[in-house]
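So this one's model_23.txt, compact mmCIF, C-alpha atoms:
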```txt
# COMPACT_ATOMS: atom_id res chain seq x y z
CA MET A 6 -33.82 -35.35 -94.03
CA LEU A 7 -34.76 -38.71 -92.60
CA PRO A 8 -38.26 -39.80 -93.68
CA LEU A 9 -39.96 -39.40 -90.30
CA GLU A 10 -38.37 -36.12 -89.18
CA GLY A 11 -40.99 -33.83 -87.72
CA LEU A 12 -43.14 -36.74 -86.53
CA LEU A 13 -43.95 -36.74 -82.80
CA VAL A 14 -44.48 -40.12 -81.14
CA VAL A 15 -45.61 -40.42 -77.52
CA SER A 16 -45.24 -43.90 -76.08
CA ILE A 17 -46.13 -45.50 -72.77
CA GLU A 18 -44.00 -48.54 -73.40
CA GLN A 19 -42.23 -51.29 -71.58
CA ALA A 20 -40.26 -54.49 -72.18
CA VAL A 21 -39.72 -55.33 -75.88
CA ALA A 22 -42.74 -55.19 -78.22
CA ALA A 23 -43.62 -51.48 -78.09
CA PRO A 24 -39.98 -50.34 -77.74
CA THR A 25 -39.13 -52.38 -80.87
CA CYS A 26 -41.79 -50.48 -82.80
CA THR A 27 -40.81 -47.02 -81.57
CA GLN A 28 -37.07 -47.73 -81.99
CA ARG A 29 -37.64 -48.17 -85.71
CA LEU A 30 -39.64 -44.94 -85.79
CA ALA A 31 -36.89 -43.11 -83.91
CA ASP A 32 -34.20 -44.50 -86.21
CA ALA A 33 -36.10 -43.04 -89.17
CA GLY A 34 -36.11 -39.57 -87.59
CA ALA A 35 -39.23 -39.44 -85.44
CA ARG A 36 -39.10 -37.75 -82.08
CA VAL A 37 -40.08 -40.42 -79.54
CA ILE A 38 -41.03 -39.33 -76.03
CA LYS A 39 -40.95 -42.40 -73.81
CA VAL A 40 -43.19 -42.04 -70.74
CA GLU A 41 -41.96 -44.03 -67.75
CA ARG A 42 -43.00 -44.51 -64.15
CA ALA A 43 -40.77 -43.33 -61.31
CA GLU A 44 -38.87 -46.62 -61.04
CA GLY A 45 -38.40 -46.87 -64.79
CA GLU A 46 -39.95 -49.29 -67.26
CA THR A 47 -39.62 -53.05 -66.92
CA ALA A 48 -36.67 -53.59 -69.26
CA ARG A 49 -34.41 -51.22 -67.30
CA HIS A 50 -34.26 -53.84 -64.54
CA TYR A 51 -33.54 -57.08 -66.44
CA ASP A 52 -29.75 -56.92 -66.02
CA LYS A 53 -26.82 -54.50 -66.01
CA ALA A 54 -24.87 -56.01 -68.89
CA VAL A 55 -23.97 -52.85 -70.87
CA HIS A 56 -21.99 -50.59 -68.53
CA GLY A 57 -24.76 -50.83 -65.94
CA THR A 58 -27.65 -50.65 -68.42
CA SER A 59 -29.85 -53.62 -69.25
CA ALA A 60 -28.97 -55.28 -72.56
CA TYR A 61 -32.64 -55.15 -73.56
CA PHE A 62 -32.91 -51.45 -72.76
CA ALA A 63 -29.66 -50.58 -74.52
CA TRP A 64 -30.87 -52.47 -77.59
CA LEU A 65 -34.23 -50.75 -78.04
CA ASN A 66 -34.06 -47.20 -76.71
CA ARG A 67 -31.38 -45.19 -78.50
CA GLY A 68 -32.38 -41.72 -79.60
CA LYS A 69 -35.51 -41.56 -77.44
CA GLU A 70 -36.44 -39.07 -74.72
CA SER A 71 -37.27 -40.35 -71.23
CA THR A 72 -39.95 -38.53 -69.25
CA VAL A 73 -41.10 -39.68 -65.83
CA LEU A 74 -44.81 -39.10 -65.15
CA ASP A 75 -47.26 -40.40 -62.59
CA ILE A 76 -50.16 -40.83 -64.96
CA LYS A 77 -52.50 -41.73 -62.08
CA ALA A 78 -51.99 -38.19 -60.72
CA PRO A 79 -54.46 -35.71 -62.29
CA ALA A 80 -51.84 -33.09 -63.17
CA ASP A 81 -49.53 -35.56 -64.90
CA LEU A 82 -52.43 -37.26 -66.66
CA ALA A 83 -53.55 -33.88 -67.96
CA LEU A 84 -49.98 -33.23 -69.15
CA LEU A 85 -49.90 -36.57 -70.94
CA LYS A 86 -53.21 -35.81 -72.65
CA ARG A 87 -51.80 -32.51 -73.90
CA MET A 88 -48.75 -34.34 -75.24
CA ILE A 89 -50.96 -36.85 -77.05
CA GLY A 90 -53.05 -34.01 -78.43
CA LYS A 91 -49.98 -32.66 -80.21
CA ALA A 92 -48.64 -36.05 -81.26
CA ASP A 93 -48.87 -37.81 -84.59
CA VAL A 94 -48.64 -41.27 -83.05
CA PHE A 95 -49.46 -42.68 -79.63
CA VAL A 96 -48.23 -46.19 -78.75
CA GLN A 97 -48.93 -48.12 -75.58
CA ASN A 98 -48.52 -51.66 -74.28
CA LEU A 99 -49.91 -51.41 -70.77
CA ALA A 100 -52.11 -54.14 -69.30
CA PRO A 101 -55.47 -54.58 -71.08
CA GLY A 102 -57.98 -51.93 -70.04
CA ALA A 103 -55.45 -49.66 -68.32
CA THR A 104 -55.58 -46.87 -70.87
CA GLU A 105 -59.38 -46.95 -71.07
CA ARG A 106 -59.58 -46.46 -67.30
CA LEU A 107 -57.39 -43.36 -67.70
CA GLY A 108 -59.45 -41.95 -70.54
CA LEU A 109 -56.74 -42.85 -73.05
CA GLY A 110 -58.51 -45.53 -75.06
CA ALA A 111 -57.37 -45.50 -78.67
CA LYS A 112 -60.82 -44.95 -80.20
CA ASP A 113 -61.64 -42.13 -77.77
CA LEU A 114 -58.30 -40.45 -78.48
CA VAL A 115 -58.82 -40.59 -82.23
CA ALA A 116 -62.35 -39.21 -81.80
CA ARG A 117 -60.86 -36.21 -79.95
CA HIS A 118 -57.81 -35.89 -82.24
CA PRO A 119 -58.86 -37.02 -85.74
CA ARG A 120 -55.32 -36.99 -87.20
CA LEU A 121 -53.87 -39.12 -84.40
CA ILE A 122 -52.69 -42.67 -85.01
CA ALA A 123 -53.27 -44.48 -81.70
CA LEU A 124 -51.85 -47.99 -81.49
CA ASP A 125 -52.44 -50.52 -78.72
CA ILE A 126 -50.17 -53.54 -78.39
CA VAL A 127 -52.00 -56.33 -76.55
CA GLY A 128 -51.51 -60.01 -75.91
CA TYR A 129 -54.72 -61.30 -77.47
CA PRO A 130 -57.52 -59.77 -79.57
CA GLN A 131 -59.60 -57.60 -77.30
CA ASP A 132 -62.83 -58.97 -78.77
CA SER A 133 -61.87 -62.53 -77.76
CA ASP A 134 -62.33 -64.55 -74.58
CA TYR A 135 -58.60 -64.16 -73.97
CA ALA A 136 -58.74 -60.35 -73.86
CA ALA A 137 -57.68 -60.03 -70.21
CA MET A 138 -54.96 -62.70 -70.31
CA ARG A 139 -51.50 -61.58 -69.29
CA ALA A 140 -49.11 -62.01 -72.18
CA TYR A 141 -45.34 -62.30 -72.15
CA ASP A 142 -43.08 -63.58 -74.88
CA MET A 143 -42.67 -67.20 -73.76
CA LEU A 144 -46.32 -67.47 -72.75
CA ILE A 145 -47.38 -66.43 -76.23
CA GLN A 146 -44.86 -68.72 -77.92
CA ALA A 147 -46.25 -71.61 -75.90
CA GLU A 148 -49.93 -70.70 -76.37
CA ALA A 149 -49.63 -70.21 -80.13
CA GLY A 150 -47.89 -73.55 -80.70
CA ILE A 151 -44.40 -72.28 -81.48
CA CYS A 152 -42.94 -74.50 -78.75
CA ALA A 153 -44.85 -77.52 -80.09
CA VAL A 154 -42.82 -77.39 -83.32
CA THR A 155 -39.51 -76.20 -81.82
CA GLY A 156 -36.97 -78.40 -80.06
CA THR A 157 -36.31 -82.12 -80.18
CA ALA A 158 -38.67 -85.07 -80.36
CA ASP A 159 -38.44 -85.34 -76.58
CA THR A 160 -38.39 -81.69 -75.55
CA PRO A 161 -40.39 -78.68 -76.72
CA VAL A 162 -38.50 -75.40 -76.31
CA LYS A 163 -39.05 -71.70 -76.85
CA VAL A 164 -37.11 -69.80 -79.47
CA GLY A 165 -34.01 -68.44 -77.73
CA VAL A 166 -34.77 -64.77 -78.42
CA SER A 167 -37.93 -62.69 -77.86
CA LEU A 168 -39.62 -63.83 -81.06
CA ALA A 169 -43.22 -62.96 -80.12
CA ASP A 170 -42.28 -59.53 -78.80
CA VAL A 171 -40.08 -58.60 -81.74
CA GLN A 172 -42.50 -59.80 -84.42
CA THR A 173 -45.31 -57.93 -82.70
CA GLY A 174 -43.19 -54.78 -82.65
CA MET A 175 -42.42 -55.19 -86.34
CA ASN A 176 -46.13 -55.62 -87.11
CA ALA A 177 -46.88 -52.48 -85.11
CA HIS A 178 -44.18 -50.55 -86.97
CA ALA A 179 -45.60 -51.63 -90.34
CA ALA A 180 -49.15 -50.77 -89.27
CA ILE A 181 -48.09 -47.27 -88.24
CA LEU A 182 -46.28 -46.64 -91.51
CA GLU A 183 -49.36 -47.81 -93.44
CA ALA A 184 -51.56 -45.55 -91.31
CA LEU A 185 -49.26 -42.58 -91.98
CA ILE A 186 -49.54 -43.21 -95.72
CA GLU A 187 -53.31 -43.46 -95.41
CA ARG A 188 -53.42 -40.25 -93.37
CA SER A 189 -51.48 -38.46 -96.10
CA GLN A 190 -54.26 -39.46 -98.50
CA THR A 191 -57.33 -38.92 -96.29
CA GLY A 192 -56.17 -36.54 -93.58
CA LYS A 193 -57.49 -38.96 -90.96
CA GLY A 194 -55.75 -40.98 -88.26
CA GLN A 195 -57.01 -44.25 -86.85
CA ALA A 196 -57.09 -46.55 -83.85
CA ILE A 197 -55.05 -49.73 -84.34
CA GLU A 198 -54.82 -52.91 -82.27
CA ILE A 199 -51.85 -55.25 -82.75
CA ASP A 200 -51.84 -58.48 -80.74
CA MET A 201 -48.98 -60.81 -79.95
CA PHE A 202 -50.98 -63.99 -80.44
CA ALA A 203 -51.81 -63.01 -84.03
CA ALA A 204 -48.12 -62.41 -84.71
CA MET A 205 -47.25 -65.95 -83.67
CA ALA A 206 -50.34 -67.55 -85.21
CA ASP A 207 -49.38 -66.02 -88.56
CA MET A 208 -45.88 -67.48 -88.25
CA MET A 209 -47.47 -70.86 -87.51
CA SER A 210 -49.40 -70.88 -90.81
CA VAL A 211 -47.47 -73.76 -92.43
CA PRO A 212 -47.83 -76.18 -89.49
CA LEU A 213 -51.45 -75.05 -89.18
CA PHE A 214 -52.16 -75.77 -92.85
CA HIS A 215 -50.46 -79.15 -92.59
CA HIS A 216 -52.71 -80.00 -89.66
CA VAL A 217 -55.99 -78.67 -91.09
CA TYR A 218 -55.63 -79.63 -94.75
CA ALA A 219 -53.26 -82.61 -94.73
CA SER A 220 -54.01 -84.12 -91.29
CA ARG A 221 -50.29 -84.11 -90.67
CA ALA A 222 -48.52 -83.12 -87.46
CA THR A 223 -45.34 -81.05 -87.67
CA PRO A 224 -42.68 -82.89 -85.66
CA ARG A 225 -39.97 -81.26 -83.58
CA THR A 226 -36.78 -82.03 -85.49
CA GLY A 227 -34.06 -80.10 -83.67
CA LEU A 228 -31.61 -78.45 -86.05
CA SER A 229 -33.46 -79.78 -89.06
CA HIS A 230 -36.37 -78.48 -91.11
CA ALA A 231 -39.61 -80.32 -90.44
CA ALA A 232 -40.90 -80.06 -94.02
CA ILE A 233 -37.75 -79.96 -96.21
CA PHE A 234 -34.91 -82.49 -96.33
CA PRO A 235 -31.98 -82.28 -96.54
CA TYR A 236 -32.23 -79.00 -94.63
CA ASN A 237 -30.35 -79.91 -91.50
CA SER A 238 -27.09 -79.90 -89.62
CA VAL A 239 -24.45 -82.47 -90.48
CA ALA A 240 -21.41 -83.29 -88.38
CA CYS A 241 -18.08 -82.96 -90.16
CA SER A 242 -14.92 -84.28 -88.54
CA ASP A 243 -14.23 -80.91 -86.87
CA GLY A 244 -17.65 -79.27 -86.42
CA GLU A 245 -21.16 -78.85 -87.75
CA ILE A 246 -22.56 -77.14 -90.80
CA VAL A 247 -26.11 -76.81 -92.12
CA ILE A 248 -26.87 -77.94 -95.67
CA VAL A 249 -29.94 -77.26 -97.81
CA VAL A 250 -31.58 -78.88 -100.84
CA GLN A 251 -34.78 -77.23 -102.08
CA ASN A 252 -35.19 -78.21 -105.73
CA PRO A 253 -34.44 -81.12 -108.12
CA GLY A 254 -31.31 -79.50 -109.55
CA GLU A 255 -29.79 -79.09 -106.10
CA TRP A 256 -30.68 -82.67 -105.21
CA LYS A 257 -28.96 -83.96 -108.33
CA ARG A 258 -25.80 -81.92 -107.65
CA LEU A 259 -25.68 -83.08 -104.03
CA CYS A 260 -25.97 -86.73 -105.01
CA THR A 261 -23.52 -86.71 -107.92
CA ALA A 262 -20.85 -84.22 -106.83
CA VAL A 263 -20.93 -84.28 -103.01
CA LEU A 264 -22.25 -87.66 -101.93
CA LYS A 265 -20.78 -89.41 -105.02
CA ARG A 266 -23.99 -91.40 -105.17
CA PRO A 267 -25.68 -90.73 -108.53
CA ASP A 268 -27.87 -93.75 -107.88
CA LEU A 269 -29.74 -91.75 -105.24
CA VAL A 270 -31.01 -89.14 -107.71
CA ASP A 271 -33.90 -91.30 -108.92
CA ASP A 272 -34.15 -93.61 -105.93
CA PRO A 273 -37.92 -93.77 -105.23
CA ARG A 274 -37.26 -93.17 -101.54
CA TYR A 275 -35.56 -89.83 -102.21
CA ARG A 276 -36.52 -88.58 -105.69
CA ASP A 277 -38.62 -85.65 -104.38
CA ASN A 278 -38.86 -83.66 -101.20
CA PRO A 279 -41.91 -85.40 -99.67
CA THR A 280 -40.28 -88.81 -100.02
CA ARG A 281 -36.98 -87.49 -98.65
CA VAL A 282 -38.81 -86.11 -95.61
CA GLU A 283 -40.55 -89.47 -95.16
CA HIS A 284 -37.20 -91.30 -95.29
CA ARG A 285 -35.11 -88.69 -93.53
CA ARG A 286 -33.61 -91.22 -91.11
CA GLU A 287 -32.11 -93.40 -93.83
CA LEU A 288 -30.97 -90.44 -95.91
CA GLY A 289 -29.59 -88.77 -92.81
CA ALA A 290 -27.38 -91.77 -92.14
CA ILE A 291 -25.91 -91.45 -95.64
CA LEU A 292 -25.27 -87.74 -95.13
CA ASP A 293 -23.63 -88.37 -91.76
CA GLN A 294 -21.29 -90.97 -93.22
CA VAL A 295 -20.16 -88.76 -96.12
CA PHE A 296 -19.80 -85.50 -94.24
CA GLY A 297 -18.26 -87.17 -91.21
CA ALA A 298 -15.28 -88.10 -93.37
CA MET A 299 -14.67 -84.45 -94.33
CA THR A 300 -13.50 -81.40 -92.44
CA ARG A 301 -15.79 -78.37 -92.45
CA SER A 302 -13.46 -76.59 -94.85
CA GLU A 303 -13.48 -79.52 -97.26
CA ALA A 304 -17.27 -79.80 -97.10
CA ILE A 305 -17.79 -76.07 -97.59
CA ALA A 306 -15.43 -75.99 -100.58
CA LEU A 307 -17.28 -78.89 -102.20
CA LEU A 308 -20.70 -77.35 -101.57
CA GLU A 309 -19.56 -73.98 -102.90
CA ALA A 310 -18.09 -75.56 -106.03
CA ASN A 311 -21.49 -77.09 -106.76
CA ALA A 312 -23.66 -74.05 -105.94
CA LEU A 313 -25.18 -75.63 -102.86
CA ALA A 314 -26.15 -73.56 -99.82
CA TRP A 315 -24.59 -74.02 -96.41
CA SER A 316 -23.97 -72.23 -93.13
CA LYS A 317 -21.86 -72.73 -90.07
CA VAL A 318 -23.55 -73.46 -86.75
CA SER A 319 -22.32 -70.33 -85.01
CA THR A 320 -21.99 -69.55 -81.34
CA VAL A 321 -22.67 -66.09 -79.92
CA ALA A 322 -18.88 -65.65 -79.84
CA ASP A 323 -18.80 -66.47 -83.55
CA LEU A 324 -21.49 -63.85 -84.19
CA ALA A 325 -19.51 -61.23 -82.28
CA ALA A 326 -16.60 -61.72 -84.69
CA HIS A 327 -18.66 -62.36 -87.83
CA PRO A 328 -17.46 -60.44 -90.91
CA ALA A 329 -21.05 -59.70 -91.98
CA LEU A 330 -22.04 -58.18 -88.62
CA ARG A 331 -22.50 -54.41 -88.86
CA ARG A 332 -22.16 -52.42 -85.66
CA VAL A 333 -22.41 -48.72 -84.90
CA ASP A 334 -21.31 -46.37 -82.15
CA GLY A 335 -23.68 -46.04 -79.21
CA VAL A 336 -23.80 -44.49 -75.75
CA VAL A 337 -25.51 -45.61 -72.56
CA PRO A 338 -25.33 -43.61 -69.32
CA GLY A 339 -22.34 -45.69 -68.20
CA GLY A 340 -20.24 -45.34 -71.34
CA ALA A 341 -19.81 -46.18 -75.01
CA PHE A 342 -20.87 -49.46 -76.63
CA GLU A 343 -21.38 -50.90 -80.10
CA PRO A 344 -24.97 -51.88 -80.86
CA VAL A 345 -25.92 -53.88 -83.90
CA ALA A 346 -26.69 -51.57 -86.81
CA SER A 347 -30.30 -51.13 -87.86
CA PRO A 348 -31.46 -53.94 -90.15
CA VAL A 349 -33.81 -51.45 -91.83
CA ARG A 350 -31.77 -48.32 -92.52
CA ARG A 351 -28.13 -47.49 -93.23
CA ARG A 352 -28.56 -43.97 -91.86
CA VAL A 353 -30.43 -43.52 -88.60
CA LYS A 354 -31.11 -40.62 -86.30
CA GLY A 355 -29.12 -42.26 -83.52
CA GLY A 356 -28.56 -40.64 -80.15
CA PRO A 357 -27.79 -41.91 -76.67
CA VAL A 358 -29.87 -44.36 -74.67
CA PRO A 359 -31.50 -42.03 -72.12
CA GLU A 360 -31.09 -42.03 -68.38
CA LEU A 361 -34.37 -42.43 -66.54
CA GLY A 362 -36.21 -39.10 -66.55
CA ARG A 363 -33.48 -37.26 -68.43
CA ASP A 364 -36.00 -35.17 -70.40
CA THR A 365 -38.76 -34.76 -67.82
CA GLU A 366 -38.36 -31.08 -67.07
CA THR A 367 -37.91 -30.12 -70.72
CA VAL A 368 -41.05 -31.99 -71.68
CA ARG A 369 -43.02 -30.56 -68.76
CA ALA A 370 -42.13 -27.05 -69.85
CA GLU A 371 -42.85 -27.72 -73.52
CA PHE A 372 -46.30 -29.19 -72.90
CA ALA A 373 -47.31 -27.11 -69.89
CA GLU A 374 -50.87 -25.80 -69.89
CA GLY A 375 -50.96 -22.65 -71.97
CA ALA A 376 -47.58 -23.28 -73.59
CA ASP A 377 -47.43 -22.58 -77.34
```

Just give me the structure of the file as structure tokens.
Amino acid sequence: MLPLEGLLVVSIEQAVAAPTCTQRLADAGARVIKVERAEGETARHYDKAVHGTSAYFAWLNRGKESTVLDIKAPADLALLKRMIGKADVFVQNLAPGATERLGLGAKDLVARHPRLIALDIVGYPQDSDYAAMRAYDMLIQAEAGICAVTGTADTPVKVGVSLADVQTGMNAHAAILEALIERSQTGKGQAIEIDMFAAMADMMSVPLFHHVYASRATPRTGLSHAAIFPYNSVACSDGEIVIVVQNPGEWKRLCTAVLKRPDLVDDPRYRDNPTRVEHRRELGAILDQVFGAMTRSEAIALLEANALAWSKVSTVADLAAHPALRRVDGVVPGGAFEPVASPVRRRVKGGPVPELGRDTETVRAEFAEGAD
């Protein structure tokens, strides 16, 4: 058995954050009933990249059931409440206040169903002045300062994937698993709030500490670490690689065996990481000169021979052909595809990405008033 087999999850979810959470639950064996409006949830409409299905939707919805309900209609709202009453977990990421107006507030639900774990995904803490703010991935990245430390000296940028959404979904997944463990000990469920801003603020802890405790701003340094150097891209004669030095032993090996500059080991400008960060421009010029005279293969061989870390600067095409990339068989309504394998589990429940409303009639019959 998979660890979450027998667990019923009802989710009113859209876009990325909540579907990320429930995808992990589904992969581990939970039954996830995804409640959608008649036109389908937001992510169904982003594009048609995967045989007519949105890439986002294909990514995060395998193995779920799709049920179309009009939860503003009394009969469908009553049906949803019966579904939640039989569920172990209820997840939602509607606009702030929407579930309360429908009588589906997390605390009220747990009061009625003491074993239920009811989780709200919101943009900002609901006890803050920002409670009603609309929250999307880039908005949260910008508001929480991610963009202030990402990009070049001239241009702040967002992270190129849905970082705020995905991290929030991962936090929600972890919170649910912790609540399930706690329920196994106490017999009680709980209401949980997970907010996107907190997810990004937590990831900003190092720049925040630098600001608060060291009065130091974290610069935008492009493909280079702001607080560790060398930890940056270098241009070889035929392409870029990223190199890393994180301790004195690595610094000594880089200087003596790669740069052929043993004099740099104890140079007061470079002898420890803080001084190397302070003098990154001068040290960077030395790195550029040495690595620019080598091909990538020559540089990689030299780094490997001296136990120094490196990576290529891959394109998406490089990722698609990467020998470490694990993919699995998947199905969307338009045909077969190969999603990236779960980063959490080797064995997952799997199942097709559902057509809109595929399971509506089955769910209606199962949870009809008076049904066993």

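Using only C-alpha atoms, the smallest distance between any of A:Val162, A:Ala22, A:Ile291, A:Ala314 and Tyr236 in chain A comes from A:Ala314.
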
Set the distance at 9 Å and use only C-alpha atoms: which residues neighbour Glu46 in chain A once local chain neighbours fewer than 5 positions away are removed? I'd like the list as a list in words.
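Surrounding residues, per the criterion: Glu18, Gln19, Ala20, Val40, Glu41 and Leu361 of chain A.
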
Write out as a list of chain:residue names the residues lying within 7 Å of Cys26 in chain A, counting all atoms listed in the file and excluding same-chain residues fewer than 5 positions away.
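Within the cut-off, the hits are A:Gly174, A:Met175, A:Ala177, A:His178.
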
Listing only residues of range 200-239 of chain A within 7 Å of range 139-153 of chain A, what is the closest atom pair and its distance in Å (to one decimal) for each, using only C-alpha atoms, sorted by chain and residue number ascending, as a Markdown table?
```
| residue | atom | partner | partner_atom | distance |
| --- | --- | --- | --- | --- |
| A:Met201 | CA | A:Ile145 | CA | 6.9 |
| A:Phe202 | CA | A:Ile145 | CA | 6.1 |
| A:Met205 | CA | A:Ala149 | CA | 6.0 |
| A:Ala206 | CA | A:Ala149 | CA | 5.8 |
| A:Met209 | CA | A:Ile151 | CA | 6.9 |
```

Excluding Val211 in chain A and its own-chain neighbours fewer than 3 positions away, which residues fall within 12 Å of it when counting all atoms listed in the file? Please give them as a list in words.
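Counting all atoms listed in the file, the residues come to Gly150, Ile151, Val154, Met205, Ala206, Asp207, Met208, Phe214, His215, His216, Val217, Tyr218, Ala219, Arg221, Ala222, Thr223, Ala231 and Ala232 of chain A.
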
Name the closest residue to Ala169 in chain A among the candidates A:Ala60, A:Cys260, A:Leu121, A:Ala204; distances are taken between atoms, counting all atoms listed in the file.
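For Ala169 in chain A, the nearest of the given residues is A:Ala204.
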
Which of these residues is nearest to Ser133 in chain A, using all atoms listed in the file: A:Glu374, A:Asp200, A:Asp272, A:Glu309?
A:Asp200

In Å, with one decimal, what is the gap from CA of Arg225 in chain A to CA of Val295 in chain A?
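So the two atoms, CA of Arg225 in chain A and CA of Val295 in chain A, lie 24.6 Å apart.
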
Report, in Å to a single decimal, how far apart CA of Gly227 in chain A and CA of Arg281 in chain A are.
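Between CA of Arg281 in chain A and CA of Gly227 in chain A the gap is 17.0 Å.
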
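Closest approach to Val336 in chain A among A:Thr191, A:Gln97, A:Ser238, A:Thr58: A:Thr58, based on only C-alpha atoms.
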
Please identify all polymer residues lying at most 12 Å from the point (-31.4, -54.6, -89.2) (file coordinates), using all atoms listed in the file, and present the result as an MDAnalysis selection string.
chainID A and resid 25 28:29 32 64 175 329:333 344:353

Could range 42-48 of chain A be completed with all heavy atoms and returned as a short mmCIF file (atom, residue, chain, number, x, y, z; two decimals), in the coordinates of the input?
```
data_model
loop_
_atom_site.label_atom_id
_atom_site.label_comp_id
_atom_site.auth_asym_id
_atom_site.auth_seq_id
_atom_site.Cartn_x
_atom_site.Cartn_y
_atom_site.Cartn_z
N ARG A 42 -42.67 -44.72 -65.55
CA ARG A 42 -43.00 -44.51 -64.15
C ARG A 42 -41.74 -44.19 -63.37
O ARG A 42 -40.62 -44.29 -63.88
CB ARG A 42 -43.71 -45.73 -63.58
CG ARG A 42 -42.98 -47.04 -63.81
CD ARG A 42 -43.86 -48.22 -63.38
NE ARG A 42 -43.20 -49.49 -63.64
CZ ARG A 42 -43.33 -50.18 -64.76
NH1 ARG A 42 -44.09 -49.72 -65.74
NH2 ARG A 42 -42.70 -51.33 -64.92
N ALA A 43 -41.89 -43.84 -62.10
CA ALA A 43 -40.77 -43.33 -61.31
C ALA A 43 -39.62 -44.32 -61.21
O ALA A 43 -38.45 -43.93 -61.19
CB ALA A 43 -41.24 -42.93 -59.92
N GLU A 44 -39.92 -45.61 -61.15
CA GLU A 44 -38.87 -46.62 -61.04
C GLU A 44 -38.32 -47.05 -62.39
O GLU A 44 -37.40 -47.87 -62.46
CB GLU A 44 -39.37 -47.85 -60.27
CG GLU A 44 -40.46 -48.63 -60.95
CD GLU A 44 -41.86 -48.15 -60.61
OE1 GLU A 44 -42.03 -46.97 -60.25
OE2 GLU A 44 -42.79 -48.98 -60.69
N GLY A 45 -38.86 -46.50 -63.46
CA GLY A 45 -38.40 -46.87 -64.79
C GLY A 45 -39.18 -48.05 -65.33
O GLY A 45 -39.77 -48.83 -64.58
N GLU A 46 -39.19 -48.19 -66.65
CA GLU A 46 -39.95 -49.29 -67.26
C GLU A 46 -39.27 -50.63 -67.03
O GLU A 46 -38.09 -50.71 -66.66
CB GLU A 46 -40.19 -49.00 -68.74
CG GLU A 46 -38.95 -49.00 -69.62
CD GLU A 46 -38.93 -50.19 -70.58
OE1 GLU A 46 -39.25 -51.31 -70.14
OE2 GLU A 46 -38.56 -49.98 -71.74
N THR A 47 -40.02 -51.69 -67.27
CA THR A 47 -39.62 -53.05 -66.92
C THR A 47 -38.22 -53.42 -67.41
O THR A 47 -37.41 -53.99 -66.67
CB THR A 47 -40.63 -54.05 -67.50
OG1 THR A 47 -41.95 -53.68 -67.07
CG2 THR A 47 -40.33 -55.45 -67.06
N ALA A 48 -37.92 -53.11 -68.66
CA ALA A 48 -36.67 -53.59 -69.26
C ALA A 48 -35.43 -52.94 -68.65
O ALA A 48 -34.32 -53.45 -68.82
CB ALA A 48 -36.68 -53.36 -70.77
#
```
